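*Asks:* mmCIF, C-alpha atoms, file work04.cif:
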data_input
loop_
_atom_site.label_atom_id
_atom_site.label_comp_id
_atom_site.auth_asym_id
_atom_site.auth_seq_id
_atom_site.Cartn_x
_atom_site.Cartn_y
_atom_site.Cartn_z
CA MET Z 1 -34.48 -154.26 -3.19
CA VAL Z 2 -34.29 -155.13 -6.90
CA ALA Z 3 -30.53 -154.76 -7.32
CA GLY Z 4 -29.69 -158.42 -6.72
CA PRO Z 5 -32.42 -159.82 -9.00
CA LEU Z 6 -31.44 -157.29 -11.67
CA VAL Z 7 -27.80 -158.40 -11.55
CA ALA Z 8 -28.95 -162.03 -11.70
CA ALA Z 9 -31.25 -161.44 -14.67
CA VAL Z 10 -28.63 -159.59 -16.71
CA THR Z 11 -25.89 -162.11 -15.93
CA ALA Z 12 -28.15 -165.06 -16.70
CA PHE Z 13 -29.10 -163.48 -20.04
CA VAL Z 14 -25.44 -162.96 -20.95
CA ALA Z 15 -24.66 -166.56 -19.99
CA PHE Z 16 -27.58 -167.83 -22.07
CA VAL Z 17 -26.47 -165.88 -25.14
CA ALA Z 18 -22.86 -167.01 -24.67
CA THR Z 19 -23.84 -170.67 -24.41
CA GLN Z 20 -25.96 -170.38 -27.55
CA VAL Z 21 -23.04 -168.84 -29.44
CA ALA Z 22 -20.73 -171.60 -28.22
CA GLY Z 23 -23.26 -174.34 -28.94
CA VAL Z 24 -23.12 -175.51 -25.33
CA PRO Z 25 -26.22 -175.90 -23.12
CA LEU Z 26 -26.76 -173.72 -20.07
CA ARG Z 27 -26.54 -176.11 -17.14
CA ASP Z 28 -25.71 -176.79 -13.51
CA PRO Z 29 -23.13 -179.62 -13.66
CA ASP Z 30 -23.72 -182.17 -10.90
CA GLN Z 31 -26.37 -179.81 -9.46
CA VAL Z 32 -23.62 -178.01 -7.53
CA VAL Z 33 -25.40 -174.65 -7.50
CA GLY Z 34 -28.76 -176.23 -6.65
CA ARG Z 35 -27.29 -178.12 -3.71
CA ARG Z 36 -25.53 -175.03 -2.41
CA LEU Z 37 -28.73 -172.99 -2.64
CA VAL Z 38 -30.62 -175.63 -0.67
CA ALA Z 39 -27.83 -175.72 1.93
CA VAL Z 40 -27.73 -171.96 2.41
CA ILE Z 41 -31.55 -171.80 2.68
CA GLY Z 42 -31.31 -174.40 5.43
CA LEU Z 43 -28.62 -172.34 7.17
CA VAL Z 44 -30.76 -169.20 6.92
CA LEU Z 45 -33.73 -171.00 8.48
CA VAL Z 46 -31.57 -172.16 11.40
CA LEU Z 47 -30.25 -168.62 11.90
CA ILE Z 48 -33.78 -167.21 11.80
CA VAL Z 49 -34.82 -169.58 14.59
CA PHE Z 50 -31.78 -168.48 16.60
CA ASP Z 51 -32.60 -164.83 15.92
CA VAL Z 52 -36.19 -165.26 17.11
CA VAL Z 53 -35.22 -167.19 20.26
CA VAL Z 54 -32.57 -164.66 21.30
CA ARG Z 55 -34.88 -161.69 20.75
CA ALA Z 56 -37.73 -163.36 22.62
CA ALA Z 57 -35.41 -164.23 25.51
CA ARG Z 58 -34.23 -160.63 25.76
CA ARG Z 59 -37.77 -159.34 25.67
CA SER Z 60 -39.00 -161.74 28.35
CA GLY Z 61 -35.87 -161.54 30.49
CA THR Z 62 -35.75 -165.34 30.69
CA PHE Z 63 -33.33 -167.90 29.26
CA LEU Z 64 -36.16 -169.96 27.74
CA PRO Z 65 -38.91 -167.73 26.32
CA SER Z 66 -42.43 -169.05 25.88
CA ARG Z 67 -43.81 -170.13 22.53
CA GLU Z 68 -46.16 -167.17 22.54
CA GLU Z 69 -43.29 -164.74 23.02
CA MET Z 70 -41.39 -166.36 20.15
CA ARG Z 71 -44.47 -166.22 17.92
CA THR Z 72 -44.81 -162.52 18.66
CA VAL Z 73 -41.18 -161.83 17.79
CA ARG Z 74 -41.43 -163.89 14.62
CA ARG Z 75 -44.51 -161.99 13.44
CA GLU Z 76 -42.86 -158.64 14.17
CA ARG Z 77 -39.37 -159.44 12.88
CA TRP Z 78 -39.95 -161.95 10.10
CA THR Z 79 -42.87 -160.58 8.14
CA ARG Z 80 -43.78 -162.11 4.81
CA HIS Z 81 -42.30 -159.07 3.11
CA ARG Z 82 -38.92 -159.44 4.82
CA ALA Z 83 -38.86 -163.20 4.24
CA ALA Z 84 -39.66 -162.70 0.56
CA ILE Z 85 -36.85 -160.18 0.16
CA VAL Z 86 -34.32 -162.45 1.85
CA GLY Z 87 -35.48 -165.40 -0.22
CA SER Z 88 -35.25 -163.46 -3.48
CA ALA Z 89 -31.77 -162.22 -2.53
CA LEU Z 90 -30.57 -165.79 -1.97
CA VAL Z 91 -32.05 -167.03 -5.24
CA ALA Z 92 -30.63 -164.04 -7.13
CA PHE Z 93 -27.16 -164.65 -5.69
CA TYR Z 94 -27.12 -168.28 -6.78
CA VAL Z 95 -28.63 -167.54 -10.19
CA THR Z 96 -25.72 -165.13 -10.68
CA TYR Z 97 -23.33 -167.81 -9.50
CA LEU Z 98 -24.86 -170.33 -11.91
CA ALA Z 99 -24.38 -167.89 -14.79
CA TYR Z 100 -20.81 -167.27 -13.64
CA ARG Z 101 -20.00 -170.99 -13.65
CA ASN Z 102 -21.36 -171.36 -17.16
CA LEU Z 103 -19.38 -168.38 -18.44
CA LYS Z 104 -16.22 -169.69 -16.79
CA SER Z 105 -16.73 -173.07 -18.44
CA LEU Z 106 -16.98 -171.41 -21.86
CA LEU Z 107 -13.56 -169.80 -21.59
CA PRO Z 108 -11.59 -172.42 -23.59
CA VAL Z 109 -14.43 -172.67 -26.12
CA LEU Z 110 -14.79 -168.96 -26.85
CA ARG Z 111 -11.06 -168.18 -26.55
CA PRO Z 112 -9.43 -171.44 -27.63
CA GLY Z 113 -5.67 -171.73 -27.33
CA GLU Z 114 -5.31 -168.26 -25.79
CA LEU Z 115 -3.37 -168.33 -22.53
CA PHE Z 116 -1.46 -165.54 -20.81
CA ASP Z 117 0.37 -167.59 -18.19
CA THR Z 118 3.79 -166.74 -19.63
CA GLN Z 119 3.11 -163.01 -19.53
CA LEU Z 120 1.60 -163.13 -16.03
CA ALA Z 121 4.55 -165.16 -14.71
CA GLU Z 122 7.01 -162.72 -16.29
CA PHE Z 123 5.18 -159.80 -14.67
CA ASP Z 124 5.46 -161.50 -11.28
CA ARG Z 125 9.19 -162.06 -11.75
CA THR Z 126 9.62 -158.41 -12.66
CA LEU Z 127 7.83 -157.40 -9.46
CA PHE Z 128 10.12 -159.63 -7.40
CA GLY Z 129 13.44 -158.74 -8.99
CA GLY Z 130 13.63 -161.76 -11.26
CA ASN Z 131 12.52 -164.23 -8.58
CA ASP Z 132 9.49 -166.50 -8.64
CA PRO Z 133 7.10 -165.49 -5.79
CA ALA Z 134 6.02 -169.07 -5.10
CA GLU Z 135 9.62 -170.24 -4.79
CA LEU Z 136 10.32 -167.35 -2.43
CA MET Z 137 7.35 -168.36 -0.27
CA HIS Z 138 8.40 -171.99 -0.21
CA SER Z 139 11.87 -171.02 0.97
CA LEU Z 140 10.51 -168.51 3.48
CA VAL Z 141 7.79 -170.53 5.25
CA GLY Z 142 8.70 -174.03 4.16
CA THR Z 143 6.65 -176.67 2.38
CA GLY Z 144 5.46 -178.72 5.35
CA VAL Z 145 3.15 -177.39 8.05
CA ALA Z 146 2.69 -174.06 6.26
CA THR Z 147 1.31 -175.85 3.21
CA HIS Z 148 -1.34 -177.64 5.26
CA VAL Z 149 -2.31 -174.44 7.09
CA LEU Z 150 -2.59 -172.42 3.89
CA SER Z 151 -4.52 -175.24 2.21
CA THR Z 152 -7.06 -175.13 5.03
CA VAL Z 153 -7.36 -171.36 4.71
CA TYR Z 154 -7.90 -171.63 0.96
CA VAL Z 155 -10.54 -174.36 1.15
CA LEU Z 156 -12.43 -172.57 3.96
CA PHE Z 157 -13.45 -170.04 1.33
CA LEU Z 158 -16.08 -172.55 0.22
CA LEU Z 159 -17.77 -172.06 3.60
CA PHE Z 160 -17.02 -168.36 3.97
CA VAL Z 161 -19.23 -167.26 1.08
CA PRO Z 162 -22.54 -168.94 2.08
CA ILE Z 163 -22.05 -168.33 5.81
CA SER Z 164 -21.25 -164.63 5.44
CA LEU Z 165 -24.16 -164.22 3.01
CA ALA Z 166 -26.58 -165.90 5.42
CA LEU Z 167 -25.36 -163.87 8.40
CA ALA Z 168 -25.72 -160.64 6.44
CA LEU Z 169 -29.30 -161.31 5.38
CA VAL Z 170 -30.54 -162.67 8.72
CA PHE Z 171 -28.96 -160.34 11.26
CA SER Z 172 -29.20 -157.00 9.45
CA LYS Z 173 -31.47 -154.67 11.41
CA ASP Z 174 -31.77 -152.55 8.28
CA LEU Z 175 -32.15 -155.14 5.53
CA GLN Z 176 -30.65 -152.76 2.99
CA ARG Z 177 -27.29 -153.37 4.64
CA GLY Z 178 -27.50 -157.10 4.03
CA LEU Z 179 -28.74 -156.56 0.48
CA PHE Z 180 -25.77 -154.27 -0.19
CA TYR Z 181 -23.39 -157.03 0.87
CA ALA Z 182 -25.23 -159.70 -1.13
CA THR Z 183 -25.16 -157.48 -4.22
CA ALA Z 184 -21.45 -156.76 -3.78
CA LEU Z 185 -20.76 -160.50 -3.58
CA SER Z 186 -22.79 -161.09 -6.74
CA MET Z 187 -20.87 -158.41 -8.60
CA ASN Z 188 -17.66 -160.30 -7.83
CA TRP Z 189 -18.98 -163.18 -9.94
CA VAL Z 190 -19.84 -160.82 -12.77
CA LEU Z 191 -16.55 -158.91 -12.81
CA GLY Z 192 -14.60 -162.09 -12.17
CA ALA Z 193 -16.08 -163.79 -15.23
CA ALA Z 194 -15.18 -160.74 -17.32
CA SER Z 195 -11.58 -160.83 -16.05
CA TYR Z 196 -11.22 -164.47 -17.12
CA PHE Z 197 -11.96 -163.50 -20.71
CA LEU Z 198 -9.62 -160.52 -20.50
CA PHE Z 199 -6.55 -162.63 -19.69
CA PRO Z 200 -7.31 -166.35 -20.01
CA SER Z 201 -4.83 -168.31 -17.90
CA LEU Z 202 -4.50 -171.55 -15.99
CA GLY Z 203 -2.39 -170.57 -13.00
CA PRO Z 204 1.14 -171.54 -11.91
CA VAL Z 205 0.32 -175.05 -10.66
CA TYR Z 206 -1.01 -176.01 -14.09
CA ALA Z 207 1.37 -173.96 -16.24
CA ALA Z 208 4.51 -175.00 -14.31
CA PRO Z 209 3.59 -178.00 -12.13
CA GLY Z 210 7.22 -178.84 -11.38
CA ALA Z 211 7.51 -175.80 -9.12
CA PHE Z 212 4.90 -177.33 -6.80
CA SER Z 213 5.77 -181.01 -7.05
CA GLU Z 214 7.47 -181.03 -3.64
CA LEU Z 215 4.38 -179.81 -1.80
CA PRO Z 216 2.59 -182.46 0.30
CA ALA Z 217 -0.86 -183.72 -0.62
CA THR Z 218 -3.57 -181.50 0.88
CA ALA Z 219 -7.24 -180.76 0.39
CA ALA Z 220 -6.21 -177.96 -1.97
CA SER Z 221 -4.01 -180.23 -4.10
CA LYS Z 222 -6.82 -182.78 -4.34
CA LEU Z 223 -9.13 -180.00 -5.50
CA GLN Z 224 -6.55 -178.96 -8.10
CA ASP Z 225 -6.42 -182.52 -9.44
CA LEU Z 226 -10.22 -182.73 -9.54
CA LEU Z 227 -10.52 -179.45 -11.43
CA LEU Z 228 -7.94 -180.59 -13.98
CA GLU Z 229 -9.80 -183.87 -14.55
CA SER Z 230 -13.06 -181.96 -15.01
CA ARG Z 231 -11.42 -179.56 -17.47
CA LEU Z 232 -10.01 -182.39 -19.58
CA GLU Z 233 -13.39 -184.13 -19.60
CA TYR Z 234 -15.09 -180.89 -20.62
CA LEU Z 235 -12.61 -180.20 -23.42
CA ARG Z 236 -13.17 -183.64 -24.92
CA ASP Z 237 -16.76 -182.66 -25.72
CA PRO Z 238 -18.09 -179.40 -24.22
CA SER Z 239 -21.59 -179.95 -25.62
CA ALA Z 240 -22.06 -183.48 -24.30
CA THR Z 241 -20.35 -183.71 -20.95
CA ASP Z 242 -21.92 -182.68 -17.67
CA ALA Z 243 -18.54 -181.59 -16.32
CA ALA Z 244 -17.63 -177.98 -15.69
CA GLN Z 245 -14.45 -176.20 -16.69
CA SER Z 246 -13.49 -174.29 -13.56
CA ILE Z 247 -9.84 -173.36 -14.07
CA ALA Z 248 -9.02 -169.67 -14.52
CA ALA Z 249 -6.27 -167.70 -12.82
CA PHE Z 250 -6.78 -164.01 -13.59
CA ALA Z 251 -8.19 -162.61 -11.43
CA SER Z 252 -8.39 -164.24 -7.99
CA LEU Z 253 -11.97 -164.28 -6.71
CA HIS Z 254 -10.81 -165.74 -3.40
CA THR Z 255 -8.97 -162.46 -2.94
CA SER Z 256 -11.71 -160.25 -4.38
CA ILE Z 257 -14.54 -161.68 -2.28
CA ILE Z 258 -12.69 -161.65 1.04
CA PHE Z 259 -11.45 -158.14 0.24
CA THR Z 260 -15.07 -157.18 -0.46
CA ALA Z 261 -16.13 -158.55 2.92
CA ALA Z 262 -13.32 -156.76 4.76
CA VAL Z 263 -14.11 -153.39 3.18
CA ALA Z 264 -17.86 -153.91 3.63
CA VAL Z 265 -17.38 -154.47 7.35
CA TRP Z 266 -15.41 -151.21 7.50
CA LEU Z 267 -18.07 -149.33 5.50
CA LEU Z 268 -20.75 -150.66 7.84
CA GLY Z 269 -18.84 -149.51 10.91
CA LEU Z 270 -18.78 -152.96 12.50
CA GLY Z 271 -16.46 -154.09 15.29
CA ARG Z 272 -12.71 -153.66 15.07
CA ARG Z 273 -12.10 -157.31 15.96
CA LEU Z 274 -14.15 -158.44 12.99
CA GLN Z 275 -12.29 -156.04 10.74
CA VAL Z 276 -8.91 -157.31 11.95
CA ALA Z 277 -10.04 -160.92 11.52
CA LEU Z 278 -11.11 -160.34 7.92
CA TRP Z 279 -7.97 -158.44 6.95
CA THR Z 280 -5.93 -161.25 8.50
CA LEU Z 281 -7.95 -163.81 6.55
CA LEU Z 282 -7.34 -161.81 3.38
CA ALA Z 283 -3.57 -161.78 3.95
CA LEU Z 284 -3.51 -165.53 4.60
CA THR Z 285 -5.71 -166.23 1.58
CA MET Z 286 -3.47 -164.20 -0.72
CA ALA Z 287 -0.46 -166.05 0.66
CA ALA Z 288 -2.24 -169.37 0.04
CA THR Z 289 -3.01 -168.51 -3.59
CA ILE Z 290 0.72 -167.99 -4.25
CA HIS Z 291 2.13 -170.78 -2.07
CA LEU Z 292 -0.21 -173.44 -3.50
CA GLY Z 293 0.10 -172.28 -7.10
CA TRP Z 294 -3.48 -171.23 -7.71
CA HIS Z 295 -2.62 -167.70 -8.76
CA TYR Z 296 0.05 -165.25 -9.80
CA VAL Z 297 0.62 -162.14 -7.67
CA ILE Z 298 -0.94 -160.03 -10.41
CA ASP Z 299 -4.08 -162.18 -10.07
CA ASP Z 300 -4.38 -161.13 -6.43
CA LEU Z 301 -3.88 -157.48 -7.35
CA GLY Z 302 -6.58 -157.92 -9.96
CA GLY Z 303 -8.77 -159.45 -7.26
CA VAL Z 304 -8.42 -156.32 -5.14
CA ALA Z 305 -9.45 -154.21 -8.14
CA ILE Z 306 -12.50 -156.43 -8.71
CA GLY Z 307 -13.45 -156.14 -5.04
CA LEU Z 308 -13.31 -152.35 -5.23
CA GLY Z 309 -15.37 -152.38 -8.42
CA ALA Z 310 -17.95 -154.73 -6.93
CA LEU Z 311 -18.35 -152.53 -3.86
CA ALA Z 312 -18.65 -149.36 -5.94
CA ILE Z 313 -21.32 -150.86 -8.20
CA ALA Z 314 -23.22 -152.30 -5.22
CA LEU Z 315 -23.24 -148.90 -3.52
CA ALA Z 316 -24.54 -147.28 -6.71
CA ILE Z 317 -27.34 -149.71 -7.55
CA THR Z 318 -28.58 -150.38 -4.00
CA GLY Z 319 -28.47 -146.76 -2.88
CA PHE Z 320 -26.88 -147.84 0.39
CA GLU Z 321 -25.14 -145.09 2.36
CA PRO Z 322 -22.12 -146.28 4.39
CA VAL Z 323 -21.79 -145.51 8.09
CA PRO Z 324 -19.39 -142.57 8.62
CA VAL Z 325 -16.00 -143.94 9.66
CA ALA Z 326 -15.90 -141.66 12.69
CA GLN Z 327 -19.19 -143.09 13.95
CA PRO Z 328 -18.80 -146.89 14.27
CA ARG Z 329 -21.94 -148.81 15.07
CA ARG Z 330 -22.28 -150.10 18.60
CA ARG Z 331 -22.45 -153.86 18.88
CA ALA Z 332 -25.91 -155.05 19.81
CA GLY Z 333 -26.04 -158.79 20.10
CA PRO Z 334 -27.50 -160.46 17.04
CA GLU Z 335 -27.86 -157.11 15.26
CA MET Z 336 -24.80 -157.35 13.06
CA GLY Z 337 -25.66 -154.91 10.34
CA THR Z 338 -24.17 -157.26 7.74
CA ALA Z 339 -21.42 -159.75 7.02
#
If you took the structure in this file and wrote it as structure tokens, what would it be?

*Replies:*
Amino acid sequence: MVAGPLVAAVTAFVAFVATQVAGVPLRDPDQVVGRRLVAVIGLVLVLIVFDVVVRAARRSGTFLPSREEMRTVRRERWTRHRAAIVGSALVAFYVTYLAYRNLKSLLPVLRPGELFDTQLAEFDRTLFGGNDPAELMHSLVGTGVATHVLSTVYVLFLLFVPISLALALVFSKDLQRGLFYATALSMNWVLGAASYFLFPSLGPVYAAPGAFSELPATAASKLQDLLLESRLEYLRDPSATDAAQSIAAFASLHTSIIFTAAVAVWLLGLGRRLQVALWTLLALTMAATIHLGWHYVIDDLGGVAIGLGALAIALAITGFEPVPVAQPRRRAGPEMGTA
């Protein structure tokens, strides 16, 4: 029960020390983290109402249960203890995310002028027999409809994280399952921030923009432009601006987090359809990172490694025991187990 808050406390302390060393204040630029926390709390409250109504309807055998039946279910299911644990897990997750954003912003301050884009690009070319993976993708799937589809997949990640977190914490019959998933997600932020400092890099679209100049304008390209503007504003005066520096290629946390979710679903013995859907989403996301120029292939491989590390650490510090693979859990309505 304390794993998430512990991760949050340690990460926040590291971020505080790092900002003091860099002479930059610890902050939440544009209140992004605060707004996301409020939004996910609202989503959780809506899901709790749905959970109570469905359980009360099942118990009463009617489509519209009475208020008394719903009150009974709420008292039994959503005790103060359970609500407090879910609330603390949400706050811990977003405190960790806040610390992650601050550490990511400090990258050009603490490692100025150090970029490994050339080495990462050369590694990719070696993997692909001297060819550029992004150019291969552009020639294989084209730069029209495929670009818009992959842009949508990439941007949907912004919804995937809070929604999967909320579902895990609300619909877990055994709350430890949801806490395991929440902790694994948090560890992605921690390990991801560490990977940025290991190999600071911008990503193909910033290091070699000409290779992506023929791609149509999409939500992803607009986000790329916005991140570049924020980075330039931040670099002009890191201590004064409220902007965040959010560009870092190695490793891909889009890949690591969706990989974490896919493996978590397998460890929890959830439905095969959900497993297939998440592995498909992972494949499309990895393709999007290359096609749109966000990441090098090695970044995605690093993301897989981070996902494995996050899951291993979450298993260790939460004490969660995975469902044996040979004994998948039976689906039971709103009882999801986790993500």

*Asks:* When the PyMOL selection byres ((chain Z and resi 185-197) around 8) is applied to the structure above, which residues does it catch, written out as an NGL selection string?

*Replies:* :Z and (4 or 7-8 or 11 or 93 or 96-97 or 100 or 103-104 or 107 or 111 or 181-184 or 198-201 or 248-253 or 256-257 or 260 or 306-307 or 309-311 or 313-314)

*Asks:* Kindly export the residues of the current selection with C-alpha atoms, as an mmCIF file, in the coordinates of the input.

*Replies:*
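Ended up saving to out_34.cif:
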data_model
loop_
_atom_site.group_PDB
_atom_site.id
_atom_site.type_symbol
_atom_site.label_atom_id
_atom_site.label_comp_id
_atom_site.auth_asym_id
_atom_site.auth_seq_id
_atom_site.Cartn_x
_atom_site.Cartn_y
_atom_site.Cartn_z
ATOM 1 C CA GLY Z 4 -29.690 -158.420 -6.720
ATOM 2 C CA VAL Z 7 -27.800 -158.400 -11.550
ATOM 3 C CA ALA Z 8 -28.950 -162.030 -11.700
ATOM 4 C CA THR Z 11 -25.890 -162.110 -15.930
ATOM 5 C CA PHE Z 93 -27.160 -164.650 -5.690
ATOM 6 C CA THR Z 96 -25.720 -165.130 -10.680
ATOM 7 C CA TYR Z 97 -23.330 -167.810 -9.500
ATOM 8 C CA TYR Z 100 -20.810 -167.270 -13.640
ATOM 9 C CA LEU Z 103 -19.380 -168.380 -18.440
ATOM 10 C CA LYS Z 104 -16.220 -169.690 -16.790
ATOM 11 C CA LEU Z 107 -13.560 -169.800 -21.590
ATOM 12 C CA ARG Z 111 -11.060 -168.180 -26.550
ATOM 13 C CA TYR Z 181 -23.390 -157.030 0.870
ATOM 14 C CA ALA Z 182 -25.230 -159.700 -1.130
ATOM 15 C CA THR Z 183 -25.160 -157.480 -4.220
ATOM 16 C CA ALA Z 184 -21.450 -156.760 -3.780
ATOM 17 C CA LEU Z 198 -9.620 -160.520 -20.500
ATOM 18 C CA PHE Z 199 -6.550 -162.630 -19.690
ATOM 19 C CA PRO Z 200 -7.310 -166.350 -20.010
ATOM 20 C CA SER Z 201 -4.830 -168.310 -17.900
ATOM 21 C CA ALA Z 248 -9.020 -169.670 -14.520
ATOM 22 C CA ALA Z 249 -6.270 -167.700 -12.820
ATOM 23 C CA PHE Z 250 -6.780 -164.010 -13.590
ATOM 24 C CA ALA Z 251 -8.190 -162.610 -11.430
ATOM 25 C CA SER Z 252 -8.390 -164.240 -7.990
ATOM 26 C CA LEU Z 253 -11.970 -164.280 -6.710
ATOM 27 C CA SER Z 256 -11.710 -160.250 -4.380
ATOM 28 C CA ILE Z 257 -14.540 -161.680 -2.280
ATOM 29 C CA THR Z 260 -15.070 -157.180 -0.460
ATOM 30 C CA ILE Z 306 -12.500 -156.430 -8.710
ATOM 31 C CA GLY Z 307 -13.450 -156.140 -5.040
ATOM 32 C CA GLY Z 309 -15.370 -152.380 -8.420
ATOM 33 C CA ALA Z 310 -17.950 -154.730 -6.930
ATOM 34 C CA LEU Z 311 -18.350 -152.530 -3.860
ATOM 35 C CA ILE Z 313 -21.320 -150.860 -8.200
ATOM 36 C CA ALA Z 314 -23.220 -152.300 -5.220
#

*Asks:* Select, from Z:Ala57, Z:Val32, Z:Val149, Z:Ser105, the residue with the minimum atom-to-atom distance to Leu232 (chain Z), counting all atoms listed in the file.

*Replies:* Z:Ser105

*Asks:* Taking 3 positions as the minimum chain separation for residues in the same chain, which residues sit within 12 Å of Ser221 (chain Z) when counting only C-alpha atoms? Answer as a ChimeraX atom specification.

*Replies:* /Z:147-148,150-152,154-155,205-206,209,212-218,224-228,288-289,291-294

*Asks:* Work out how far CA of Arg82 (chain Z) is from CA of Gln176 (chain Z), in Å to one decimal.

*Replies:*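 So the two atoms, CA of Gln176 (chain Z) and CA of Arg82 (chain Z), lie 10.8 Å apart.
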
*Asks:* I need the output of the PyMOL selection byres ((chain Z and resi 116) around 9) for this file as a PyMOL selection string; which residues are they?

*Replies:* chain Z and resi 114-115+117-121+199-202

*Asks:* Check which residues satisfy the PyMOL selection byres ((chain Z and resi 275) around 10) in the file shown, then give them as a count of residues only.

*Replies:* 18

*Asks:* For a test of reading the model, state the distance in Å between CA of Leu165 (chain Z) and CA of Leu90 (chain Z), rounded to one decimal.

*Replies:*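 According to the coordinates, CA of Leu165 (chain Z) and CA of Leu90 (chain Z) are separated by 8.3 Å.
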
*Asks:* Could you check how far CA of Tyr94 (chain Z) sits from CA of Ala166 (chain Z), in Å to one decimal?

*Replies:*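 Straight-line distance from CA of Tyr94 (chain Z) to CA of Ala166 (chain Z) works out to 12.4 Å.
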
*Asks:* Given only C-alpha atoms as the basis, pick out the residue of Z:Leu315, Z:Ala243, Z:Leu301, Z:Val170 nearest to Val86 (chain Z).

*Replies:*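 Of Z:Leu315, Z:Ala243, Z:Leu301, Z:Val170, the one nearest Val86 (chain Z) is Z:Val170, counting only C-alpha atoms.
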
*Asks:* Build an axis-aligned box that encloses every atom of region 60-73 of chain Z listed in the file, pad it by 3 Å on each side, and report its centre and edge lengths in Å to one decimal, as JSON.

*Replies:*
{"center_x": -39.7, "center_y": -165.8, "center_z": 24.2, "size_x": 18.8, "size_y": 14.6, "size_z": 18.9}

*Asks:* Near Leu175 (chain Z), within 10 Å and counting all atoms listed in the file, which residues show up once chain neighbours fewer than 5 positions away are dropped, as a ChimeraX atom specification?

*Replies:* /Z:1,82,85-86,168-170,180,337-338

*Asks:* Name the residues in contact with Asp300 (chain Z) at a cut-off of 8 Å, using all atoms listed in the file, excluding same-chain residues fewer than 3 positions from it; report them as a list in words.

*Replies:*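 Neighbouring residues, sequence-local ones excluded: Ala251, Ser252, Thr255, Ser256, Met286, His295, Tyr296, Val297, Gly303 and Val304 of chain Z.
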
*Asks:* Print the selection's residues with C-alpha atoms to a file, as a PDB file, keeping the file's coordinate frame.

*Replies:*
ATOM      1  CA  ALA Z 251      -8.190-162.610 -11.430  1.00  0.00           C
ATOM      2  CA  SER Z 252      -8.390-164.240  -7.990  1.00  0.00           C
ATOM      3  CA  THR Z 255      -8.970-162.460  -2.940  1.00  0.00           C
ATOM      4  CA  SER Z 256     -11.710-160.250  -4.380  1.00  0.00           C
ATOM      5  CA  MET Z 286      -3.470-164.200  -0.720  1.00  0.00           C
ATOM      6  CA  HIS Z 295      -2.620-167.700  -8.760  1.00  0.00           C
ATOM      7  CA  TYR Z 296       0.050-165.250  -9.800  1.00  0.00           C
ATOM      8  CA  VAL Z 297       0.620-162.140  -7.670  1.00  0.00           C
ATOM      9  CA  GLY Z 303      -8.770-159.450  -7.260  1.00  0.00           C
ATOM     10  CA  VAL Z 304      -8.420-156.320  -5.140  1.00  0.00           C
TER      11      VAL Z 304
END
